[in-house]
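Coordinates from run.txt are shown below (compact mmCIF, C-alpha atoms).
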```
# COMPACT_ATOMS: atom_id res chain seq x y z
CA MET V 7 255.57 71.53 122.02
CA ARG V 8 252.87 70.91 124.59
CA ALA V 9 252.37 67.46 123.10
CA PHE V 10 256.09 66.82 123.32
CA LYS V 11 256.11 67.69 127.00
CA ILE V 12 253.18 65.41 127.65
CA ILE V 13 254.78 62.52 125.79
CA VAL V 14 258.06 62.93 127.67
CA ALA V 15 256.26 63.19 130.99
CA ALA V 16 254.18 60.11 130.21
CA PHE V 17 257.27 58.17 129.20
CA VAL V 18 259.12 59.10 132.37
CA PHE V 19 256.07 58.34 134.50
CA ALA V 20 255.62 54.96 132.85
CA LEU V 21 259.28 54.11 133.34
CA LEU V 22 259.32 55.12 136.96
CA THR V 23 256.08 53.65 138.12
CA GLY V 24 254.19 50.45 137.80
CA CYS V 25 252.11 48.06 139.76
CA ALA V 26 253.66 45.93 142.44
CA ALA V 27 253.17 42.18 142.28
CA THR V 28 250.03 40.76 143.78
CA GLY V 29 249.83 37.78 146.08
CA PRO V 30 250.25 37.10 149.77
CA LEU V 31 253.20 38.47 151.66
CA TYR V 32 255.98 35.93 151.79
CA SER V 33 256.15 36.33 155.56
CA ASP V 34 252.54 35.16 155.77
CA ILE V 35 253.01 31.97 153.76
CA SER V 36 256.62 31.05 154.47
CA ALA V 37 255.63 28.51 157.11
CA SER V 38 253.62 26.58 154.53
CA ILE V 39 256.46 26.25 152.04
CA PRO V 40 257.45 22.60 151.75
CA PRO V 41 260.92 21.49 152.81
CA LEU V 42 263.54 21.11 150.14
CA PRO V 43 263.75 17.56 148.75
CA ALA V 44 267.13 15.98 149.52
CA ASN V 45 268.07 15.52 145.89
CA LYS V 46 267.24 19.09 144.87
CA GLY V 47 268.51 22.59 145.35
CA ARG V 48 266.26 25.60 145.77
CA ILE V 49 266.58 28.98 144.06
CA TYR V 50 264.68 32.03 145.25
CA PHE V 51 264.12 34.80 142.73
CA TYR V 52 263.10 38.18 144.06
CA ARG V 53 262.87 41.84 143.15
CA SER V 54 262.75 44.72 145.57
CA ASP V 55 259.81 47.04 146.07
CA THR V 56 261.38 50.02 144.35
CA ALA V 57 259.61 52.52 142.12
CA PHE V 58 262.38 53.00 139.59
CA GLY V 59 261.69 50.93 136.52
CA ALA V 60 258.69 49.32 138.15
CA ALA V 61 256.89 49.04 134.83
CA VAL V 62 259.77 47.08 133.33
CA THR V 63 259.23 43.34 133.63
CA SER V 64 260.76 40.27 132.10
CA ASP V 65 260.37 36.54 132.11
CA ILE V 66 263.07 34.79 134.09
CA SER V 67 264.52 31.71 132.44
CA LEU V 68 266.51 29.03 134.18
CA ASN V 69 268.59 26.87 131.87
CA GLY V 70 266.43 27.91 128.95
CA LYS V 71 263.02 27.37 130.57
CA VAL V 72 260.81 30.18 131.81
CA VAL V 73 260.30 29.75 135.56
CA GLY V 74 258.68 33.03 136.51
CA LYS V 75 258.69 36.76 136.07
CA SER V 76 260.74 39.65 137.40
CA GLU V 77 258.24 42.19 138.67
CA ARG V 78 258.24 44.76 141.40
CA ALA V 79 258.02 43.46 144.99
CA SER V 80 257.80 39.81 144.02
CA VAL V 81 259.39 36.58 145.19
CA PHE V 82 259.10 32.98 144.09
CA TYR V 83 261.25 29.88 144.19
CA VAL V 84 261.97 26.80 142.13
CA ASP V 85 263.40 23.46 143.18
CA GLN V 86 266.05 22.44 140.73
CA THR V 87 268.26 19.47 140.02
CA PRO V 88 271.79 20.27 141.25
CA GLY V 89 274.32 21.41 138.67
CA ASN V 90 275.08 24.42 136.55
CA CYS V 91 272.50 27.19 136.43
CA VAL V 92 272.13 29.89 133.82
CA VAL V 93 269.55 32.54 134.65
CA SER V 94 268.48 34.80 131.80
CA THR V 95 266.36 37.92 131.63
CA SER V 96 265.56 39.71 128.45
CA THR V 97 264.29 43.18 127.68
CA GLU V 98 266.16 45.16 125.06
CA VAL V 99 269.20 42.99 125.73
CA GLU V 100 269.63 39.58 127.32
CA LYS V 101 271.47 39.48 130.63
CA GLN V 102 272.73 36.28 132.20
CA LEU V 103 273.84 35.09 135.60
CA THR V 104 275.72 31.80 135.97
CA PHE V 105 276.24 29.86 139.19
CA THR V 106 276.30 26.34 140.55
CA LEU V 107 273.69 24.69 142.73
CA ALA V 108 274.38 21.77 145.06
CA ALA V 109 271.92 19.30 146.53
CA SER V 110 270.19 20.70 149.63
CA GLU V 111 271.59 24.15 148.85
CA THR V 112 269.47 27.30 148.65
CA ARG V 113 270.57 30.21 146.48
CA TYR V 114 269.07 33.67 146.19
CA VAL V 115 268.85 35.63 142.95
CA HIS V 116 267.97 39.32 143.05
CA THR V 117 266.73 41.03 139.90
CA SER V 118 266.76 44.78 139.40
CA VAL V 119 266.26 47.34 136.66
CA SER V 120 269.03 49.48 135.26
CA ILE V 121 268.91 52.22 132.68
CA GLY V 122 268.77 51.08 129.08
CA VAL V 123 268.42 52.77 125.74
CA PHE V 124 264.68 52.29 125.40
CA VAL V 125 263.01 50.27 128.15
CA GLY V 126 265.64 49.46 130.74
CA ARG V 127 267.49 46.27 131.48
CA ILE V 128 266.84 43.64 134.08
CA ASN V 129 269.95 42.34 135.77
CA ALA V 130 270.23 39.28 137.99
CA LYS V 131 272.80 38.73 140.71
CA LEU V 132 273.40 36.34 143.56
CA VAL V 133 272.78 37.60 147.07
CA ASN V 134 273.86 36.01 150.34
CA ALA V 135 271.22 34.34 152.47
CA VAL V 136 271.23 36.87 155.30
CA ASP V 137 270.58 39.87 153.08
CA ALA V 138 268.08 38.04 150.92
CA LYS V 139 265.98 36.66 153.77
CA SER V 140 265.58 40.07 155.35
CA GLU V 141 264.17 41.50 152.14
CA ILE V 142 262.08 38.57 150.96
CA ALA V 143 259.83 38.65 154.00
CA THR V 144 258.20 41.90 152.86
CA LEU V 145 257.63 40.87 149.24
CA HIS V 146 254.66 39.25 147.56
CA TYR V 147 254.84 35.55 146.83
CA THR V 148 253.88 35.02 143.20
CA GLY V 149 254.71 31.33 142.85
CA GLY V 150 257.05 29.94 140.26
CA GLN V 151 256.84 27.43 137.49
CA SER V 152 258.95 24.67 139.01
CA GLN V 153 261.33 22.72 136.86
CA LYS V 154 260.06 19.21 136.35
CA MET G 21 261.83 78.22 120.70
CA ALA G 22 261.19 75.40 118.29
CA SER G 23 264.89 75.02 117.51
CA LYS G 24 265.61 74.79 121.24
CA TYR G 25 263.28 71.81 121.53
CA THR G 26 264.59 70.31 118.31
CA SER G 27 268.10 70.43 119.70
CA ALA G 28 266.92 68.79 122.88
CA LEU G 29 265.13 66.11 120.89
CA VAL G 30 268.41 65.21 119.23
CA ALA G 31 270.78 65.76 122.12
CA VAL G 32 268.94 63.85 124.81
CA PRO G 33 268.69 60.52 122.95
CA ILE G 34 272.32 60.81 121.86
CA ALA G 35 273.39 61.45 125.44
CA ILE G 36 271.34 58.49 126.68
CA ILE G 37 272.71 56.16 124.02
CA PHE G 38 276.28 57.31 124.61
CA THR G 39 275.96 56.90 128.36
CA THR G 40 274.40 53.50 128.00
CA LEU G 41 276.86 52.20 125.45
CA ALA G 42 279.79 53.62 127.37
CA GLY G 43 278.59 51.66 130.38
CA CYS G 44 278.43 48.39 128.49
CA ALA G 45 281.07 45.90 129.49
CA SER G 46 282.41 43.18 127.29
CA GLU G 47 282.58 39.51 128.14
CA ILE G 48 284.89 38.49 130.97
CA SER G 49 288.23 37.43 129.53
CA ARG G 50 288.65 33.71 130.12
CA THR G 51 290.22 30.53 128.84
CA ALA G 52 289.10 26.95 129.21
CA THR G 53 290.75 25.03 132.03
CA GLN G 54 290.65 21.67 133.79
CA PHE G 55 289.22 21.53 137.30
CA ASN G 56 290.15 18.71 139.66
CA PRO G 57 287.87 18.72 142.72
CA ALA G 58 289.29 18.32 146.21
CA ALA G 59 288.80 15.09 148.09
CA GLY G 60 285.74 15.17 150.31
CA THR G 61 287.92 14.96 153.40
CA ASP G 62 290.02 17.98 152.44
CA ALA G 63 288.66 20.84 154.55
CA ARG G 64 291.14 23.67 154.17
CA PHE G 65 290.04 27.24 154.67
CA ILE G 66 291.70 30.62 154.28
CA VAL G 67 290.66 33.98 155.68
CA VAL G 68 291.42 37.21 153.85
CA THR G 69 292.84 39.52 156.49
CA LYS G 70 292.75 42.80 154.58
CA GLU G 71 290.26 44.10 152.04
CA ILE G 72 291.53 43.76 148.51
CA THR G 73 290.00 45.36 145.41
CA VAL G 74 290.98 44.02 142.02
CA THR G 75 289.89 44.75 138.47
CA PRO G 76 289.74 41.76 136.16
CA SER G 77 290.33 42.44 132.50
CA ALA G 78 287.18 43.53 130.67
CA GLY G 79 285.14 43.60 133.83
CA TYR G 80 284.18 45.69 136.83
CA SER G 81 286.28 45.90 139.98
CA ARG G 82 285.64 43.36 142.70
CA THR G 83 286.39 43.45 146.39
CA LEU G 84 287.50 40.57 148.57
CA LYS G 85 286.20 41.56 151.98
CA ALA G 86 288.42 41.53 155.02
CA GLY G 87 287.41 38.58 157.17
CA SER G 88 285.87 36.64 154.30
CA THR G 89 286.40 32.89 154.54
CA TRP G 90 287.17 30.76 151.51
CA LYS G 91 287.15 26.97 151.29
CA TYR G 92 289.56 24.95 149.19
CA VAL G 93 287.45 23.14 146.61
CA GLY G 94 290.03 21.89 144.13
CA ARG G 95 292.78 22.78 141.75
CA ILE G 96 293.27 23.93 138.19
CA PRO G 97 296.63 24.15 136.41
CA GLU G 98 296.80 27.85 137.26
CA GLY G 99 296.51 27.33 141.04
CA ALA G 100 294.42 26.28 144.02
CA VAL G 101 290.72 27.11 143.86
CA TYR G 102 288.83 28.56 146.84
CA LYS G 103 285.10 29.21 147.12
CA ILE G 104 283.69 31.88 149.41
CA GLN G 105 281.72 30.66 152.43
CA ASP G 106 278.41 32.13 153.67
CA ASP G 107 278.51 34.84 151.04
CA VAL G 108 278.56 35.26 147.28
CA PHE G 109 281.28 36.37 144.92
CA MET G 110 280.76 37.20 141.26
CA LEU G 111 282.60 38.65 138.32
CA GLU G 112 280.67 41.13 136.23
CA GLY G 113 281.26 41.90 132.59
CA LYS G 114 278.58 41.68 129.97
CA HIS G 115 277.04 39.03 132.24
CA MET G 116 277.39 37.99 135.88
CA HIS G 117 279.34 34.87 136.80
CA GLU G 118 279.80 33.17 140.15
CA ALA G 119 283.56 33.04 140.63
CA TYR G 120 286.10 31.33 142.87
CA CYS G 121 289.55 32.68 143.76
CA VAL G 122 292.60 31.02 142.23
CA ILE G 123 295.69 31.33 144.41
CA ALA G 124 299.30 30.39 143.71
CA ASN G 125 302.23 31.21 145.99
CA ASN G 126 300.01 33.36 148.21
CA GLU G 127 299.06 35.52 145.24
CA LEU G 128 295.65 35.93 143.70
CA VAL G 129 296.31 34.94 140.10
CA GLY G 130 292.76 35.01 138.79
CA PHE G 131 289.33 33.51 139.10
CA TYR G 132 287.70 30.22 138.27
CA LEU G 133 284.27 30.33 136.67
CA ALA G 134 282.64 27.05 137.65
CA VAL G 135 279.78 26.99 135.17
CA GLU G 136 282.01 27.94 132.26
CA ASN G 137 284.85 25.71 133.56
CA ALA G 138 287.18 28.56 132.66
CA PHE G 139 290.00 30.60 134.16
CA SER G 140 289.92 34.41 134.13
CA PRO G 141 293.46 35.69 134.74
CA LEU G 142 294.36 38.70 136.82
CA SER G 143 297.19 40.88 135.61
CA PRO G 144 299.20 41.74 137.52
CA ARG G 145 298.88 39.10 140.23
CA VAL G 146 297.92 40.45 143.63
CA PRO G 147 299.62 39.43 146.88
CA LEU G 148 296.87 38.17 149.14
CA PRO G 149 297.03 38.85 152.88
CA LEU G 150 295.52 35.71 154.35
CA ASN G 151 295.55 33.29 157.23
CA GLN G 152 295.08 29.56 157.06
CA LYS G 153 292.13 28.47 159.14
```
How would this structure read if it were set down as structure tokens?
Amino acid sequence: MRAFKIIVAAFVFALLTGCAATGPLYSDISASIPPLPANKGRIYFYRSDTAFGAAVTSDISLNGKVVGKSERASVFYVDQTPGNCVVSTSTEVEKQLTFTLAASETRYVHTSVSIGVFVGRINAKLVNAVDAKSEIATLHYTGGQSQK
Amino acid sequence: MASKYTSALVAVPIAIIFTTLAGCASEISRTATQFNPAAGTDARFIVVTKEITVTPSAGYSRTLKAGSTWKYVGRIPEGAVYKIQDDVFMLEGKHMHEAYCVIANNELVGFYLAVENAFSPLSPRVPLPLNQK
């Protein structure tokens, strides 16, 4: 029974904690981010600095291509050709977010962990610019794999 | 003592699985539609004057905030299509979808999913307190 307690405690600890992303604070490098090309839209992906589910991570795919990773306290962006966007994250189940992107438009996608059967699920949702900008400043810029 | 733990070993996973599965939503109900975009010069806006909460079929409830501004972006056979301004609006079922309001005769009749080019009906229709801007 002692072993059972230890296993449960370890499982809960692992689920609840994890390392935050590394990299410079976004607020420190934001001035060096290049302007958005006129024929592109920009999508920021970020995840809050919250302990719950911090160990749960997932690749983030945009229209079928991996562009970065959802991890605690991280932010990155990709410049994307305008049009339909399908963002996917996958842990024990795949979750999708669909939205449109116009030229010269910037969208913000927030990822978060919710309870799952085994390892949790990573959900993505759109956030308005005001709310997103206030949170992004305190996160770590991890860089994305821009769509070519 | 052992049986107490054995029961817990069985009960806890069952409770977790039940809770999780019970919380699973199905796909947003939708049908294919035909979107005709507004002319570039057409700049009509509406403002929702009172908060409205609706529950689309097979999805979670959504709230149209009081004071939210929506721009006319086109038309589908089911009604006029308005996109929220300076904010985001999504439908949530199994997945999340950016959605636009579809209005006919001052009633919210459903939502247009731009990426899916589909209409998600609202039943019953909801009278929408709004002002033209």
For chain G, which residues have at least one atom within 6 Å of chain V, if we go by only C-alpha atoms? Write them as an MDAnalysis selection string, please. chainID G and resid 37 107:108 115:118 135
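Atom CA of Val122 of chain G sits 13.1 Å away from atom CA of Val74 of chain G.
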Please, what distance in Å, to one decimal, runs between atom CA of Gly74 of chain V and atom CA of Ala26 of chain V?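 We find that atom CA of Gly74 of chain V and atom CA of Ala26 of chain V lie 15.1 Å from each other.
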With 5 Å added on each side, what axis-aligned box encloses every listed atom of segment 128-141 of chain V? Give the centre and edge lengths in Å to one decimal, as AutoDock Vina command-line options.
```
--center_x 269.0 --center_y 39.0 --center_z 144.7 --size_x 19.7 --size_y 19.3 --size_z 31.3
```
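Atom CA of Ile104 of chain G lies 8.9 Å from atom CA of Ala119 of chain G.
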Among listed residues G:Thr75, G:Ser46, G:Asn151, G:Ser143, nearest Asn126 of chain G (using only C-alpha atoms):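 The shortest atom-to-atom distance to Asn126 of chain G comes from G:Asn151.
The closest residue to Thr89 of chain G, picked from G:Leu111, G:Ala138, G:Val101, G:Leu150 and counting all atoms listed in the file, is G:Leu150.
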Which of these residues is nearest to Val84 of chain V, using all atoms listed in the file: V:Ser96, V:Thr117, V:Thr148, V:Ser64? V:Thr148
Env of Gly149 of chain V: 10 Å cut, atoms = all atoms listed in the file, seq-sep filter 6 positions within chain, self excluded. Answer as a list in words.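 Skipping anything fewer than 6 positions along the chain leaves Gly29, Val73, Gly74, Lys75, Ser80, Val81, Phe82, Tyr83 and Val84 of chain V.
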Nearest candidate to Pro147 of chain G (options G:Ile123, G:Ala100, G:Leu128, G:Ile48; using all atoms listed in the file):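 Nearest to Pro147 of chain G: G:Leu128.
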7 Å contact set for Lys103 of chain G, all atoms listed in the file, chain neighbours under 4 positions out, as a PyMOL selection string: chain G and resi 90-93+120-121
Let's have the selection written as a CSV table (one decimal), in the frame of the given file, with C-alpha atoms.
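Contents of the output file result19.csv:
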```csv
chain,number,residue,atom,x,y,z
G,90,TRP,CA,287.2,30.8,151.5
G,91,LYS,CA,287.2,27.0,151.3
G,92,TYR,CA,289.6,25.0,149.2
G,93,VAL,CA,287.4,23.1,146.6
G,120,TYR,CA,286.1,31.3,142.9
G,121,CYS,CA,289.6,32.7,143.8
```
So, counting all atoms listed in the file, which residue among V:Lys139, V:Arg127, V:His116, V:Arg78 is closest to Ser36 of chain V? V:Lys139
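Residues of protein, DNA and RNA with at least one atom no farther than 9 Å from (286.6, 40.6, 141.3) are, using all atoms listed in the file, G:Thr73, G:Val74, G:Thr75, G:Pro76, G:Gly79, G:Tyr80, G:Ser81, G:Arg82, G:Thr83, G:Leu84, G:Phe109, G:Met110, G:Leu111, G:Glu112, G:Ala119, G:Cys121, G:Gly130, G:Phe131.
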